[in-house]
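S.K.: Following this line is my_file.pdb, made up of PDB, C-alpha atoms:
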ATOM      1  CA  MET A  20       0.000   0.000   0.000  1.00  0.00           C
ATOM      2  CA  GLU A  21       1.301   3.423  -0.948  1.00  0.00           C
ATOM      3  CA  ASN A  22       1.585   5.879   1.880  1.00  0.00           C
ATOM      4  CA  ILE A  23       0.854   9.402   0.704  1.00  0.00           C
ATOM      5  CA  VAL A  24       0.011  12.372   2.897  1.00  0.00           C
ATOM      6  CA  ILE A  25      -1.486  15.715   1.971  1.00  0.00           C
ATOM      7  CA  ILE A  26       0.149  18.647   3.689  1.00  0.00           C
ATOM      8  CA  ASP A  27      -1.679  21.960   3.956  1.00  0.00           C
ATOM      9  CA  SER A  28      -0.168  23.289   7.172  1.00  0.00           C
ATOM     10  CA  ILE A  29       3.327  23.431   8.631  1.00  0.00           C
ATOM     11  CA  SER A  30       4.708  19.948   9.295  1.00  0.00           C
ATOM     12  CA  TYR A  31       8.046  18.667  10.546  1.00  0.00           C
ATOM     13  CA  PHE A  32      10.023  16.481   8.149  1.00  0.00           C
ATOM     14  CA  ARG A  33      10.976  14.127  10.995  1.00  0.00           C
ATOM     15  CA  ASP A  34       7.262  13.468  11.618  1.00  0.00           C
ATOM     16  CA  LEU A  35       6.513  12.882   7.928  1.00  0.00           C
ATOM     17  CA  GLN A  36       9.396  10.656   6.920  1.00  0.00           C
ATOM     18  CA  ASP A  37       7.993   7.525   8.586  1.00  0.00           C
ATOM     19  CA  ARG A  38       4.461   8.119   7.273  1.00  0.00           C
ATOM     20  CA  VAL A  39       5.207   8.189   3.547  1.00  0.00           C
ATOM     21  CA  THR A  40       6.544   5.850   0.898  1.00  0.00           C
ATOM     22  CA  TRP A  41      10.181   6.524   0.054  1.00  0.00           C
ATOM     23  CA  HIS A  42      11.723   5.974  -3.355  1.00  0.00           C
ATOM     24  CA  SER A  43      15.335   5.013  -2.753  1.00  0.00           C
ATOM     25  CA  ASP A  44      16.789   7.928  -0.767  1.00  0.00           C
ATOM     26  CA  TYR A  45      14.154  10.568  -1.568  1.00  0.00           C
ATOM     27  CA  ILE A  46      10.420  11.168  -1.388  1.00  0.00           C
ATOM     28  CA  LYS A  47       8.278  12.001  -4.402  1.00  0.00           C
ATOM     29  CA  GLY A  48       5.949  14.939  -4.029  1.00  0.00           C
ATOM     30  CA  VAL A  49       3.435  17.074  -5.889  1.00  0.00           C
ATOM     31  CA  VAL A  50       2.809  20.750  -5.208  1.00  0.00           C
ATOM     32  CA  ASP A  51      -0.615  22.351  -5.702  1.00  0.00           C
ATOM     33  CA  LEU A  52       0.363  25.962  -6.364  1.00  0.00           C
ATOM     34  CA  LYS A  53      -3.209  27.262  -6.486  1.00  0.00           C
ATOM     35  CA  ASN A  54      -4.349  25.911  -3.116  1.00  0.00           C
ATOM     36  CA  LYS A  55      -0.936  26.031  -1.383  1.00  0.00           C
ATOM     37  CA  ARG A  56      -0.656  22.379  -0.385  1.00  0.00           C
ATOM     38  CA  LEU A  57       1.272  19.328  -1.432  1.00  0.00           C
ATOM     39  CA  SER A  58       1.202  15.568  -1.447  1.00  0.00           C
ATOM     40  CA  LEU A  59       4.208  13.625  -0.260  1.00  0.00           C
ATOM     41  CA  GLY A  60       4.971   9.936  -0.815  1.00  0.00           C
ATOM     42  CA  GLY A  61       3.995   7.258  -3.300  1.00  0.00           C
ATOM     43  CA  SER A  62       5.947   5.306  -5.884  1.00  0.00           C
ATOM     44  CA  LEU A  63       5.042   7.679  -8.698  1.00  0.00           C
ATOM     45  CA  HIS A  64       4.378  11.398  -8.842  1.00  0.00           C
ATOM     46  CA  ALA A  65       1.162  10.402 -10.588  1.00  0.00           C
ATOM     47  CA  ASP A  66      -0.004   8.783  -7.313  1.00  0.00           C
ATOM     48  CA  GLY A  67       0.117  12.117  -5.497  1.00  0.00           C
ATOM     49  CA  GLU A  68      -1.336  13.926  -8.493  1.00  0.00           C
ATOM     50  CA  LYS A  69      -4.262  11.479  -8.613  1.00  0.00           C
ATOM     51  CA  LEU A  70      -4.917  11.899  -4.888  1.00  0.00           C
ATOM     52  CA  LEU A  71      -5.028  15.699  -5.156  1.00  0.00           C
ATOM     53  CA  ILE A  72      -7.252  15.617  -8.253  1.00  0.00           C
ATOM     54  CA  GLU A  73      -9.730  13.014  -6.978  1.00  0.00           C
ATOM     55  CA  LYS A  74      -9.983  13.883  -3.292  1.00  0.00           C
ATOM     56  CA  LEU A  75      -9.545  17.633  -3.456  1.00  0.00           C
ATOM     57  CA  ASN A  76     -10.824  18.424  -6.965  1.00  0.00           C
ATOM     58  CA  VAL A  77      -7.621  20.146  -8.086  1.00  0.00           C
ATOM     59  CA  ASN A  78      -6.948  21.134 -11.694  1.00  0.00           C
ATOM     60  CA  ASN A  79      -3.714  19.498 -12.840  1.00  0.00           C
ATOM     61  CA  GLU A  80      -2.364  22.672 -14.479  1.00  0.00           C
ATOM     62  CA  TYR A  81      -1.462  23.828 -10.942  1.00  0.00           C
ATOM     63  CA  LEU A  82       0.264  20.557 -10.008  1.00  0.00           C
ATOM     64  CA  TRP A  83       4.039  20.188 -10.288  1.00  0.00           C
ATOM     65  CA  GLY A  84       6.144  17.173  -9.340  1.00  0.00           C
ATOM     66  CA  PHE A  85       9.375  17.157  -7.376  1.00  0.00           C
ATOM     67  CA  ASN A  86      11.742  14.878  -5.466  1.00  0.00           C
ATOM     68  CA  LEU A  87      12.686  15.811  -1.907  1.00  0.00           C
ATOM     69  CA  TYR A  88      15.833  14.674  -0.136  1.00  0.00           C
ATOM     70  CA  PRO A  89      16.427  14.751   3.646  1.00  0.00           C
ATOM     71  CA  ASP A  90      19.106  17.446   3.217  1.00  0.00           C
ATOM     72  CA  GLN A  91      16.441  19.783   1.701  1.00  0.00           C
ATOM     73  CA  GLU A  92      17.674  19.233  -1.861  1.00  0.00           C
ATOM     74  CA  ILE A  93      14.794  19.491  -4.321  1.00  0.00           C
ATOM     75  CA  GLU A  94      14.762  18.048  -7.836  1.00  0.00           C
ATOM     76  CA  TYR A  95      12.158  19.524 -10.145  1.00  0.00           C
ATOM     77  CA  GLU A  96      11.764  16.452 -12.359  1.00  0.00           C
ATOM     78  CA  SER A  97       8.599  14.471 -12.992  1.00  0.00           C
ATOM     79  CA  LEU A  98       6.567  13.175 -15.904  1.00  0.00           C
ATOM     80  CA  ILE A  99       3.585  15.180 -14.604  1.00  0.00           C
ATOM     81  CA  ASN A 100       5.575  18.348 -15.302  1.00  0.00           C
ATOM     82  CA  ILE A 101       5.181  17.858 -19.056  1.00  0.00           C
ATOM     83  CA  LYS A 102       2.613  20.548 -19.804  1.00  0.00           C
ATOM     84  CA  PRO A 103       3.039  21.713 -23.431  1.00  0.00           C
ATOM     85  CA  LYS A 104       0.006  24.029 -23.221  1.00  0.00           C
ATOM     86  CA  LEU A 105       1.780  25.880 -20.407  1.00  0.00           C
ATOM     87  CA  GLY A 106       5.104  25.910 -22.260  1.00  0.00           C
ATOM     88  CA  ASN A 107       6.752  23.143 -20.225  1.00  0.00           C
ATOM     89  CA  LYS A 108       7.733  20.462 -22.746  1.00  0.00           C
ATOM     90  CA  SER A 109      10.140  18.584 -20.478  1.00  0.00           C
ATOM     91  CA  ILE A 110       9.999  16.581 -17.259  1.00  0.00           C
ATOM     92  CA  VAL A 111      11.996  19.395 -15.628  1.00  0.00           C
ATOM     93  CA  ILE A 112      10.191  22.558 -14.523  1.00  0.00           C
ATOM     94  CA  ALA A 113      11.761  25.006 -16.974  1.00  0.00           C
ATOM     95  CA  ASP A 114      10.206  28.227 -15.697  1.00  0.00           C
ATOM     96  CA  GLU A 115      12.344  29.786 -12.955  1.00  0.00           C
ATOM     97  CA  ILE A 116       9.306  31.533 -11.426  1.00  0.00           C
ATOM     98  CA  ILE A 117       7.367  28.255 -11.107  1.00  0.00           C
ATOM     99  CA  ARG A 118      10.453  26.474  -9.680  1.00  0.00           C
ATOM    100  CA  ASN A 119      10.801  29.231  -7.075  1.00  0.00           C
ATOM    101  CA  GLU A 120       7.086  29.012  -6.193  1.00  0.00           C
ATOM    102  CA  VAL A 121       7.400  25.235  -5.782  1.00  0.00           C
ATOM    103  CA  LYS A 122      10.498  25.574  -3.584  1.00  0.00           C
ATOM    104  CA  THR A 123       8.974  28.341  -1.462  1.00  0.00           C
ATOM    105  CA  LEU A 124       5.798  26.353  -0.840  1.00  0.00           C
ATOM    106  CA  ILE A 125       7.720  23.197   0.090  1.00  0.00           C
ATOM    107  CA  LEU A 126       9.971  25.066   2.505  1.00  0.00           C
ATOM    108  CA  ASN A 127       7.027  26.984   3.992  1.00  0.00           C
ATOM    109  CA  LEU A 128       5.120  23.773   4.721  1.00  0.00           C
ATOM    110  CA  ILE A 129       7.945  21.433   5.724  1.00  0.00           C
ATOM    111  CA  ILE A 130      10.301  22.287   8.582  1.00  0.00           C
ATOM    112  CA  PHE A 131      13.614  20.383   8.476  1.00  0.00           C
TER     113      PHE A 131
END
Please express the file's structure as structure tokens.

M.R.:
Amino acid sequence: MENIVIIDSISYFRDLQDRVTWHSDYIKGVVDLKNKRLSLGGSLHADGEKLLIEKLNVNNEYLWGFNLYPDQEIEYESLINIKPKLGNKSIVIADEIIRNEVKTLILNLIIF
């Protein structure tokens, strides 16, 4: 069973790390930029995306995938980031503004 949590208020990383599914040495996550929340955990970014869309009725144009490491390193790579209509034709978030919004939201919600 995949363990995925939705975070919409400040949470401590140490409290989250045992509640979510890890992928090797990092955790997959999805940021909802419109509603200022994120999902953390799961084997695929699509798992967190699906949870946010189905349970919280989120539009996927506001969802961006990332990988989070315990040392606060963030990778902005995910198949769900391919959004040609929004100008993102790669798995990497190309837009610096969106990357900064993703990083800011993650670091505002997760205390290391």

S.K.: Record the distance separating atom CA of A:Glu92 and atom CA of A:Lys122, expressed in Å with one decimal.

M.R.: 9.7 Å

S.K.: So which residues get picked by the PyMOL selection byres ((chain A and resi 62-77) around 12) here, written as a VMD selection string?

M.R.: chain A and resid 20 to 27 39 to 43 45 to 61 78 to 87 95 to 101 110

S.K.: Got a sec to resolve the PyMOL selection byres ((chain A and resi 126) around 12) on this structure and send the residues as an MDAnalysis selection string?

M.R.: chainID A and resid 26 28:32 50 55:57 87 90:93 119:125 127:131

S.K.: Atom CA of A:Glu115 to atom CA of A:Pro103: how many Å, to one decimal?

M.R.: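 Atom CA of A:Glu115 sits 16.2 Å away from atom CA of A:Pro103.
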
S.K.: Could I get stretch 115-130 of chain A from the block written as a compact mmCIF listing (two decimals), in the first residue's frame, with N, CA and C atoms?

M.R.:
# COMPACT_ATOMS: atom_id res chain seq x y z
N GLU A 115 11.70 29.43 -14.23
CA GLU A 115 12.34 29.79 -12.95
C GLU A 115 11.33 30.28 -11.92
N ILE A 116 10.33 31.01 -12.35
CA ILE A 116 9.31 31.53 -11.43
C ILE A 116 8.53 30.38 -10.80
N ILE A 117 8.11 29.42 -11.63
CA ILE A 117 7.37 28.25 -11.11
C ILE A 117 8.26 27.44 -10.18
N ARG A 118 9.53 27.20 -10.56
CA ARG A 118 10.45 26.47 -9.68
C ARG A 118 10.58 27.17 -8.32
N ASN A 119 10.69 28.49 -8.34
CA ASN A 119 10.80 29.23 -7.08
C ASN A 119 9.52 29.14 -6.25
N GLU A 120 8.36 29.17 -6.90
CA GLU A 120 7.09 29.01 -6.19
C GLU A 120 6.99 27.63 -5.56
N VAL A 121 7.41 26.61 -6.30
CA VAL A 121 7.40 25.23 -5.78
C VAL A 121 8.32 25.14 -4.56
N LYS A 122 9.53 25.63 -4.69
CA LYS A 122 10.50 25.57 -3.58
C LYS A 122 10.00 26.33 -2.36
N THR A 123 9.48 27.53 -2.57
CA THR A 123 8.97 28.34 -1.46
C THR A 123 7.85 27.63 -0.74
N LEU A 124 6.92 27.05 -1.48
CA LEU A 124 5.80 26.35 -0.84
C LEU A 124 6.28 25.15 -0.04
N ILE A 125 7.18 24.37 -0.62
CA ILE A 125 7.72 23.20 0.09
C ILE A 125 8.37 23.64 1.40
N LEU A 126 9.24 24.64 1.32
CA LEU A 126 9.97 25.07 2.51
C LEU A 126 9.11 25.83 3.51
N ASN A 127 7.97 26.36 3.06
CA ASN A 127 7.03 26.98 3.99
C ASN A 127 6.18 25.95 4.73
N LEU A 128 5.97 24.80 4.10
CA LEU A 128 5.12 23.77 4.72
C LEU A 128 5.91 22.70 5.47
N ILE A 129 7.16 22.49 5.10
CA ILE A 129 7.95 21.43 5.72
C ILE A 129 9.14 22.06 6.46
N ILE A 130 9.20 21.80 7.75
CA ILE A 130 10.30 22.29 8.58
C ILE A 130 11.31 21.14 8.73
